[in-house]
Structure formats: structure tokens, C-alpha cells
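To start, the structure itself, in C-alpha cells.
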Amino acid sequence: MPKKILILNTSAASFAGGETGVWLEECAAPYYIFVEAGLEVSMATPAGGPTPIDKGSMGEGFFTDACKKFLHDQEAMSLFMHTKKLSEVDLAAFDALYLSGGHGCCTDFAANADVKAAIETMYASKLVAADCHGPIALAQCAKPDGTPLVAGLEVTCFSDVEEDQVGQTEAVKPFSGSNEQGLAGKGGKYTKGDPWTSHVVVSGNLVTGQNPQSA
């Protein structure tokens, strides 16, 4: 039987008065890596149904070959546009959970009981991964012993520098100050690479990536 992985995308189409959604590269690139590795992939969102796409992720420099392939892939788009509602997913059937990014995560990952429960359930005995703004969901989570999930673990996420460069520093402040500060504030050993370069950290059962280039 193939290993099974659940990709969790945001359901949020708006953030800070503007449009948002999943950052497409952060779903598309991992999807093909997982499929090519022989994994069975499913997709979920907090609300279920179609996944919104951040238009910025289809702009010049971000609309990668994986993104283009994904949008013309009938099987991938069927999963993407008909996601399962997270609260209705049997997590016991999966070997790993991956949270894609996009500013929508600030809206429906950061303080979401279903997302929290899913991460804590999977981390207890399996693997959890998150990229870019996806790791914002980790700050609310705890290990089985009750300590913050990221405490003592090396972690990364969309950096404060990158947030400033995209003009969203003020918008993300209500969410633990920022992705970076939220993880560090819970005892995470935060590291980052240069802006817009790949930086991935593996620590225990947790894998985190900094930005679209890390997907």
C-alpha cells in the first residue's frame, strides 16, 4: 500500500481587505514531488470545497512550470477544487500532513480548532510539514506533554524581511506579531535564509520551509 499524505490548503479568499488564497507554487510543487515519490495524495481545506488561488502567485517570476502543469492536470485540479472539509477527514488514514501557504493562512489556519487538532494528532506519531505562511498554524499547537509544539525545535517560515518586502507587515501583526515572531515566541529556534531563496528545516517530526522557493 502506498503511503498517504494530506495537503491542507487555506479556504480564505480574502485577507486585510484584499484578495488572497493559496500560493499556488506551494501546493503544486509539493504535489508533484509527492506523486512522483509514489505517495497517494489527498487535499483538504478548513471549509471544504474549492481552493482559492492568490493571483499574485500567477504573476511573473512565481508562475512556475509546476503551477502551469497543475492548472492543466485534471486529477490535480479535481482534488484542488473539491477538497475535503478538514473536520471530516479521517487522519488515521494518513502518514503525513503538509500545510501549504498563502496569506489566507493568517485568516483560517492561525486560530482554528480543527487545524490545531489535525496538527497535534499527526505530530504525535507521524510527520507534519508546512511552508511559508502555513507554519503560522503551528504557534497554537502543543506537544503531547502540553508544551508548545515548536518549543526547542528548529523552525522557519516566511520571514519578517520578506513580509516587509511584500507590504503586509502591518496586516499580519494581529497574528502573534508575524509568522516569524509567532514561532520564536513559542520557543521555536527560528532560522532563515536570504529573502526569496530556498531554506528548509527538518527537526524531529516537523519540516518547515521559508517561502515559495522552499516548496
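Residues in the C-alpha cells are named by chain (A, B, ... in the order shown) and by number from 1 within that chain; ligands are numbered from 1 in the order shown.
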Which residues of segment 56-140 of chain A sit at most 12 Å from segment 193-199 of chain A, using only C-alpha atoms? Give each one's shortest atom pair and distance in Å (one decimal place), in chain and ascending residue order, as a tab-separated table.
```
residue	atom	partner	partner_atom	distance
A:Gly61	CA	A:Trp196	CA	11.0
A:Phe62	CA	A:Trp196	CA	10.7
A:Asp131	CA	A:His199	CA	9.9
A:Cys132	CA	A:His199	CA	10.1
```
Okay, now the selection with N, CA, C and O atoms, as a short mmCIF file (atom, residue, chain, number, x, y, z; two decimals), in the first residue's frame?
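That gives us again_38.cif:
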```
data_model
loop_
_atom_site.label_atom_id
_atom_site.label_comp_id
_atom_site.auth_asym_id
_atom_site.auth_seq_id
_atom_site.Cartn_x
_atom_site.Cartn_y
_atom_site.Cartn_z
N GLY A 61 7.59 35.50 -12.55
CA GLY A 61 8.58 35.07 -11.58
C GLY A 61 8.07 34.06 -10.58
O GLY A 61 8.86 33.40 -9.89
N PHE A 62 6.74 33.93 -10.45
CA PHE A 62 6.15 33.00 -9.48
C PHE A 62 5.35 31.89 -10.14
O PHE A 62 5.11 30.85 -9.53
N ASP A 131 4.85 25.21 4.86
CA ASP A 131 5.70 26.13 4.11
C ASP A 131 5.16 27.55 4.14
O ASP A 131 3.95 27.76 4.14
N CYS A 132 6.07 28.52 4.18
CA CYS A 132 5.79 29.94 4.01
C CYS A 132 4.86 30.47 5.11
O CYS A 132 5.26 30.64 6.24
#
```
Which residues are near segment 83-89 of chain A? Cut-off 9 Å, only C-alpha atoms, ignore same chain within fewer than 3 positions. Put them as a PDB file with all heavy atoms, in the first residue's frame.
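And here's out.pdb as it stands now:
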```
ATOM      1  N   LEU A   8      -3.060  20.294   3.111  1.00  0.00           N
ATOM      2  CA  LEU A   8      -4.068  21.212   3.654  1.00  0.00           C
ATOM      3  C   LEU A   8      -3.833  22.600   3.085  1.00  0.00           C
ATOM      4  O   LEU A   8      -2.772  23.194   3.277  1.00  0.00           O
ATOM      5  CB  LEU A   8      -3.985  21.259   5.177  1.00  0.00           C
ATOM      6  CG  LEU A   8      -4.971  22.196   5.878  1.00  0.00           C
ATOM      7  CD1 LEU A   8      -6.413  21.760   5.617  1.00  0.00           C
ATOM      8  CD2 LEU A   8      -4.697  22.253   7.380  1.00  0.00           C
ATOM      9  N   ASN A   9      -4.818  23.101   2.362  1.00  0.00           N
ATOM     10  CA  ASN A   9      -4.775  24.449   1.783  1.00  0.00           C
ATOM     11  C   ASN A   9      -5.725  25.376   2.535  1.00  0.00           C
ATOM     12  O   ASN A   9      -6.678  24.924   3.176  1.00  0.00           O
ATOM     13  CB  ASN A   9      -5.209  24.417   0.305  1.00  0.00           C
ATOM     14  CG  ASN A   9      -4.276  23.609  -0.563  1.00  0.00           C
ATOM     15  OD1 ASN A   9      -3.069  23.620  -0.386  1.00  0.00           O
ATOM     16  ND2 ASN A   9      -4.853  22.894  -1.527  1.00  0.00           N
ATOM     17  N   SER A  42      -4.148  13.366  -1.047  1.00  0.00           N
ATOM     18  CA  SER A  42      -5.492  13.911  -0.886  1.00  0.00           C
ATOM     19  C   SER A  42      -5.352  15.377  -0.491  1.00  0.00           C
ATOM     20  O   SER A  42      -4.279  15.808  -0.064  1.00  0.00           O
ATOM     21  CB  SER A  42      -6.263  13.160   0.195  1.00  0.00           C
ATOM     22  OG  SER A  42      -6.463  11.807  -0.151  1.00  0.00           O
ATOM     23  N   MET A  43      -6.424  16.144  -0.650  1.00  0.00           N
ATOM     24  CA  MET A  43      -6.396  17.554  -0.287  1.00  0.00           C
ATOM     25  C   MET A  43      -7.595  17.903   0.581  1.00  0.00           C
ATOM     26  O   MET A  43      -8.698  17.390   0.389  1.00  0.00           O
ATOM     27  CB  MET A  43      -6.377  18.449  -1.527  1.00  0.00           C
ATOM     28  CG  MET A  43      -5.107  18.359  -2.335  1.00  0.00           C
ATOM     29  SD  MET A  43      -5.011  19.639  -3.606  1.00  0.00           S
ATOM     30  CE  MET A  43      -3.633  18.991  -4.575  1.00  0.00           C
ATOM     31  N   ALA A  44      -7.350  18.809   1.521  1.00  0.00           N
ATOM     32  CA  ALA A  44      -8.405  19.299   2.399  1.00  0.00           C
ATOM     33  C   ALA A  44      -8.234  20.794   2.600  1.00  0.00           C
ATOM     34  O   ALA A  44      -7.173  21.362   2.329  1.00  0.00           O
ATOM     35  CB  ALA A  44      -8.361  18.581   3.746  1.00  0.00           C
ATOM     36  N   THR A  45      -9.296  21.430   3.055  1.00  0.00           N
ATOM     37  CA  THR A  45      -9.287  22.836   3.465  1.00  0.00           C
ATOM     38  C   THR A  45     -10.139  22.940   4.725  1.00  0.00           C
ATOM     39  O   THR A  45     -10.949  22.044   5.007  1.00  0.00           O
ATOM     40  CB  THR A  45      -9.872  23.762   2.384  1.00  0.00           C
ATOM     41  OG1 THR A  45     -11.179  23.275   2.011  1.00  0.00           O
ATOM     42  CG2 THR A  45      -8.992  23.818   1.142  1.00  0.00           C
ATOM     43  N   PRO A  46      -9.996  24.006   5.491  1.00  0.00           N
ATOM     44  CA  PRO A  46     -10.840  24.136   6.678  1.00  0.00           C
ATOM     45  C   PRO A  46     -12.332  24.100   6.376  1.00  0.00           C
ATOM     46  O   PRO A  46     -13.112  23.538   7.154  1.00  0.00           O
ATOM     47  CB  PRO A  46     -10.411  25.486   7.254  1.00  0.00           C
ATOM     48  CG  PRO A  46      -8.968  25.607   6.859  1.00  0.00           C
ATOM     49  CD  PRO A  46      -8.929  25.029   5.477  1.00  0.00           C
ATOM     50  N   ALA A  47     -12.730  24.687   5.253  1.00  0.00           N
ATOM     51  CA  ALA A  47     -14.154  24.759   4.925  1.00  0.00           C
ATOM     52  C   ALA A  47     -14.618  23.696   3.946  1.00  0.00           C
ATOM     53  O   ALA A  47     -15.808  23.466   3.790  1.00  0.00           O
ATOM     54  CB  ALA A  47     -14.487  26.145   4.359  1.00  0.00           C
ATOM     55  N   GLY A  48     -13.676  23.049   3.253  1.00  0.00           N
ATOM     56  CA  GLY A  48     -14.036  22.109   2.209  1.00  0.00           C
ATOM     57  C   GLY A  48     -14.406  22.834   0.927  1.00  0.00           C
ATOM     58  O   GLY A  48     -14.629  24.047   0.923  1.00  0.00           O
ATOM     59  N   GLY A  49     -14.439  22.109  -0.187  1.00  0.00           N
ATOM     60  CA  GLY A  49     -14.806  22.710  -1.460  1.00  0.00           C
ATOM     61  C   GLY A  49     -13.621  23.297  -2.208  1.00  0.00           C
ATOM     62  O   GLY A  49     -12.475  22.896  -1.997  1.00  0.00           O
ATOM     63  N   PRO A  50     -13.867  24.273  -3.090  1.00  0.00           N
ATOM     64  CA  PRO A  50     -12.808  24.806  -3.955  1.00  0.00           C
ATOM     65  C   PRO A  50     -11.755  25.595  -3.180  1.00  0.00           C
ATOM     66  O   PRO A  50     -12.065  26.276  -2.203  1.00  0.00           O
ATOM     67  CB  PRO A  50     -13.560  25.702  -4.935  1.00  0.00           C
ATOM     68  CG  PRO A  50     -14.818  26.084  -4.218  1.00  0.00           C
ATOM     69  CD  PRO A  50     -15.172  24.887  -3.385  1.00  0.00           C
ATOM     70  N   THR A  51     -10.512  25.490  -3.644  1.00  0.00           N
ATOM     71  CA  THR A  51      -9.405  26.224  -3.044  1.00  0.00           C
ATOM     72  C   THR A  51      -9.190  27.530  -3.791  1.00  0.00           C
ATOM     73  O   THR A  51      -8.989  27.521  -5.008  1.00  0.00           O
ATOM     74  CB  THR A  51      -8.105  25.406  -3.123  1.00  0.00           C
ATOM     75  OG1 THR A  51      -8.298  24.127  -2.512  1.00  0.00           O
ATOM     76  CG2 THR A  51      -6.968  26.138  -2.424  1.00  0.00           C
ATOM     77  N   SER A  78      -9.037  18.306  -9.797  1.00  0.00           N
ATOM     78  CA  SER A  78     -10.213  17.703  -9.180  1.00  0.00           C
ATOM     79  C   SER A  78     -10.043  17.693  -7.655  1.00  0.00           C
ATOM     80  O   SER A  78     -10.974  18.028  -6.907  1.00  0.00           O
ATOM     81  CB  SER A  78     -10.428  16.280  -9.692  1.00  0.00           C
ATOM     82  OG  SER A  78     -11.544  15.684  -9.057  1.00  0.00           O
ATOM     83  N   LEU A  79      -8.842  17.336  -7.188  1.00  0.00           N
ATOM     84  CA  LEU A  79      -8.564  17.359  -5.756  1.00  0.00           C
ATOM     85  C   LEU A  79      -8.615  18.788  -5.226  1.00  0.00           C
ATOM     86  O   LEU A  79      -9.153  19.045  -4.144  1.00  0.00           O
ATOM     87  CB  LEU A  79      -7.176  16.770  -5.481  1.00  0.00           C
ATOM     88  CG  LEU A  79      -6.976  15.285  -5.750  1.00  0.00           C
ATOM     89  CD1 LEU A  79      -5.501  14.926  -5.599  1.00  0.00           C
ATOM     90  CD2 LEU A  79      -7.816  14.441  -4.809  1.00  0.00           C
ATOM     91  N   PHE A  80      -8.046  19.701  -5.978  1.00  0.00           N
ATOM     92  CA  PHE A  80      -7.885  21.097  -5.577  1.00  0.00           C
ATOM     93  C   PHE A  80      -9.217  21.831  -5.475  1.00  0.00           C
ATOM     94  O   PHE A  80      -9.406  22.674  -4.593  1.00  0.00           O
ATOM     95  CB  PHE A  80      -6.987  21.779  -6.611  1.00  0.00           C
ATOM     96  CG  PHE A  80      -6.503  23.154  -6.246  1.00  0.00           C
ATOM     97  CD1 PHE A  80      -5.544  23.339  -5.265  1.00  0.00           C
ATOM     98  CD2 PHE A  80      -6.975  24.265  -6.915  1.00  0.00           C
ATOM     99  CE1 PHE A  80      -5.072  24.603  -4.953  1.00  0.00           C
ATOM    100  CE2 PHE A  80      -6.510  25.539  -6.611  1.00  0.00           C
ATOM    101  CZ  PHE A  80      -5.558  25.706  -5.627  1.00  0.00           C
ATOM    102  N   ALA A  92      -6.339   9.201  10.701  1.00  0.00           N
ATOM    103  CA  ALA A  92      -5.671   7.919  10.937  1.00  0.00           C
ATOM    104  C   ALA A  92      -5.278   7.236   9.631  1.00  0.00           C
ATOM    105  O   ALA A  92      -4.385   6.364   9.620  1.00  0.00           O
ATOM    106  CB  ALA A  92      -6.576   6.997  11.754  1.00  0.00           C
ATOM    107  N   ALA A  93      -5.905   7.649   8.540  1.00  0.00           N
ATOM    108  CA  ALA A  93      -5.611   7.038   7.244  1.00  0.00           C
ATOM    109  C   ALA A  93      -4.366   7.613   6.592  1.00  0.00           C
ATOM    110  O   ALA A  93      -3.909   7.096   5.561  1.00  0.00           O
ATOM    111  CB  ALA A  93      -6.811   7.232   6.309  1.00  0.00           C
ATOM    112  N   ASP A 114      -9.864  23.035  14.344  1.00  0.00           N
ATOM    113  CA  ASP A 114      -9.714  21.845  13.503  1.00  0.00           C
ATOM    114  C   ASP A 114      -8.280  21.706  13.000  1.00  0.00           C
ATOM    115  O   ASP A 114      -7.726  20.600  12.965  1.00  0.00           O
ATOM    116  CB  ASP A 114     -10.676  21.906  12.321  1.00  0.00           C
ATOM    117  CG  ASP A 114     -12.134  21.830  12.743  1.00  0.00           C
ATOM    118  OD1 ASP A 114     -12.423  21.178  13.771  1.00  0.00           O
ATOM    119  OD2 ASP A 114     -12.983  22.438  12.057  1.00  0.00           O
ATOM    120  N   VAL A 115      -7.681  22.826  12.605  1.00  0.00           N
ATOM    121  CA  VAL A 115      -6.295  22.798  12.139  1.00  0.00           C
ATOM    122  C   VAL A 115      -5.371  22.420  13.290  1.00  0.00           C
ATOM    123  O   VAL A 115      -4.458  21.597  13.140  1.00  0.00           O
ATOM    124  CB  VAL A 115      -5.894  24.164  11.545  1.00  0.00           C
ATOM    125  CG1 VAL A 115      -4.408  24.181  11.181  1.00  0.00           C
ATOM    126  CG2 VAL A 115      -6.738  24.477  10.307  1.00  0.00           C
ATOM    127  N   ALA A 118      -5.682  18.715  14.034  1.00  0.00           N
ATOM    128  CA  ALA A 118      -5.076  17.891  12.989  1.00  0.00           C
ATOM    129  C   ALA A 118      -3.553  17.858  13.127  1.00  0.00           C
ATOM    130  O   ALA A 118      -2.927  16.793  13.032  1.00  0.00           O
ATOM    131  CB  ALA A 118      -5.467  18.424  11.616  1.00  0.00           C
TER     132      ALA A 118
END
```
Quiz item: When DSSP works through the backbone of this structure, what residues of segment 10-192 of chain A end up as strand (DSSP E or B), shown as a PyMOL selection string?
Solution: chain A and resi 14-15+18-19+22+40-45+49+53+83-85+96-99+127-131+142+148+154-155+189-190
Quiz item: Which distance in Å separates atom CA of His133 of chain A and atom CA of Phe158 of chain A, to one decimal?
Solution: 5.9 Å
So that I can see what lies close to Met58 of chain A, please list as an mmCIF file with all heavy atoms, in the first residue's frame the residues with an atom at most 9 Å from it, counting only C-alpha atoms and leaving out residues fewer than 5 positions away in the same chain.
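What landed in around-v4.cif:
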```cif
data_model
loop_
_atom_site.group_PDB
_atom_site.id
_atom_site.type_symbol
_atom_site.label_atom_id
_atom_site.label_comp_id
_atom_site.auth_asym_id
_atom_site.auth_seq_id
_atom_site.Cartn_x
_atom_site.Cartn_y
_atom_site.Cartn_z
ATOM 1 N N TRP A 23 -0.916 30.086 -2.106
ATOM 2 C CA TRP A 23 0.155 30.473 -3.033
ATOM 3 C C TRP A 23 0.424 29.235 -3.875
ATOM 4 O O TRP A 23 0.910 28.224 -3.382
ATOM 5 C CB TRP A 23 1.403 30.923 -2.271
ATOM 6 C CG TRP A 23 2.346 31.665 -3.158
ATOM 7 C CD1 TRP A 23 3.419 31.148 -3.830
ATOM 8 C CD2 TRP A 23 2.281 33.050 -3.520
ATOM 9 N NE1 TRP A 23 4.026 32.124 -4.581
ATOM 10 C CE2 TRP A 23 3.347 33.305 -4.403
ATOM 11 C CE3 TRP A 23 1.416 34.097 -3.177
ATOM 12 C CZ2 TRP A 23 3.582 34.570 -4.952
ATOM 13 C CZ3 TRP A 23 1.655 35.346 -3.719
ATOM 14 C CH2 TRP A 23 2.727 35.579 -4.593
ATOM 15 N N LEU A 24 0.068 29.289 -5.143
ATOM 16 C CA LEU A 24 -0.064 28.096 -5.977
ATOM 17 C C LEU A 24 1.184 27.215 -5.996
ATOM 18 O O LEU A 24 1.086 25.988 -5.918
ATOM 19 C CB LEU A 24 -0.457 28.493 -7.398
ATOM 20 C CG LEU A 24 -0.816 27.342 -8.339
ATOM 21 C CD1 LEU A 24 -1.940 26.488 -7.776
ATOM 22 C CD2 LEU A 24 -1.203 27.885 -9.711
ATOM 23 N N GLU A 25 2.360 27.806 -6.083
ATOM 24 C CA GLU A 25 3.597 27.024 -6.124
ATOM 25 C C GLU A 25 3.728 26.139 -4.889
ATOM 26 O O GLU A 25 4.272 25.033 -4.961
ATOM 27 C CB GLU A 25 4.794 27.974 -6.223
ATOM 28 C CG GLU A 25 6.161 27.332 -6.034
ATOM 29 C CD GLU A 25 6.629 26.508 -7.221
ATOM 30 O OE1 GLU A 25 5.862 26.341 -8.194
ATOM 31 O OE2 GLU A 25 7.778 26.029 -7.185
ATOM 32 N N ILE A 53 -7.113 30.772 -5.154
ATOM 33 C CA ILE A 53 -5.710 30.970 -5.544
ATOM 34 C C ILE A 53 -5.353 32.444 -5.419
ATOM 35 O O ILE A 53 -6.089 33.309 -5.898
ATOM 36 C CB ILE A 53 -5.460 30.510 -6.994
ATOM 37 C CG1 ILE A 53 -5.761 29.017 -7.147
ATOM 38 C CG2 ILE A 53 -4.009 30.794 -7.405
ATOM 39 C CD1 ILE A 53 -5.677 28.524 -8.587
ATOM 40 N N PHE A 63 4.920 32.114 -11.389
ATOM 41 C CA PHE A 63 4.090 31.145 -12.099
ATOM 42 C C PHE A 63 5.007 30.119 -12.765
ATOM 43 O O PHE A 63 5.339 30.202 -13.928
ATOM 44 C CB PHE A 63 3.218 31.868 -13.119
ATOM 45 C CG PHE A 63 2.070 31.040 -13.647
ATOM 46 C CD1 PHE A 63 1.271 30.290 -12.797
ATOM 47 C CD2 PHE A 63 1.772 31.043 -15.003
ATOM 48 C CE1 PHE A 63 0.210 29.547 -13.285
ATOM 49 C CE2 PHE A 63 0.706 30.313 -15.505
ATOM 50 C CZ PHE A 63 -0.074 29.554 -14.645
ATOM 51 N N THR A 64 5.419 29.152 -11.977
ATOM 52 C CA THR A 64 6.431 28.181 -12.390
ATOM 53 C C THR A 64 5.844 27.096 -13.293
ATOM 54 O O THR A 64 4.633 26.995 -13.485
ATOM 55 C CB THR A 64 7.033 27.512 -11.156
ATOM 56 O OG1 THR A 64 5.995 26.774 -10.482
ATOM 57 C CG2 THR A 64 7.628 28.554 -10.199
ATOM 58 N N CYS A 67 3.286 25.070 -11.530
ATOM 59 C CA CYS A 67 1.984 25.744 -11.466
ATOM 60 C C CYS A 67 1.211 25.572 -12.764
ATOM 61 O O CYS A 67 0.005 25.276 -12.752
ATOM 62 C CB CYS A 67 2.178 27.236 -11.188
ATOM 63 S SG CYS A 67 2.863 27.632 -9.569
ATOM 64 N N LYS A 68 1.895 25.781 -13.873
ATOM 65 C CA LYS A 68 1.246 25.668 -15.183
ATOM 66 C C LYS A 68 0.753 24.245 -15.421
ATOM 67 O O LYS A 68 -0.368 24.030 -15.909
ATOM 68 C CB LYS A 68 2.233 26.091 -16.274
ATOM 69 C CG LYS A 68 2.660 27.542 -16.183
ATOM 70 C CD LYS A 68 3.800 27.861 -17.135
ATOM 71 C CE LYS A 68 4.308 29.278 -16.941
ATOM 72 N NZ LYS A 68 5.496 29.589 -17.775
#
```
Practice problem: Tell me which protein, DNA and RNA residues are within 9 Å of Val22 of chain A, counting only C-alpha atoms, leaving out same-chain ones fewer than 2 positions away, and put them as a PyMOL selection string. | Solution: chain A and resi 9-13+20+24-27+51-54+57+100-105
Quiz item: DSSP on the backbone: what in segment 24-82 of chain A comes out alpha helix (DSSP H), as a ChimeraX atom specification?
Solution: /A:25-36,65-71,74-81
Self-check item: Residues near Glu75 of chain A, cut-off 12 Å, only C-alpha atoms, skip fewer than 6 positions along chain, as a count of residues only
Solution: 9
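Between atom CA of Gly17 of chain A and atom CA of Lys116 of chain A the separation is 25.2 Å.
When only C-alpha atoms are used to measure the gap to Phe175 of chain A, the shortest distance among A:Glu162, A:Asp108, A:Glu40, A:Glu154 belongs to A:Asp108.
Minimum distance to Phe109 of chain A across A:Leu149, A:Ala171, A:Cys141, A:Ala16 (counting only C-alpha atoms) occurs at A:Cys141.
Atom CA of Lys126 of chain A is found 17.7 Å from atom CA of Ala151 of chain A.
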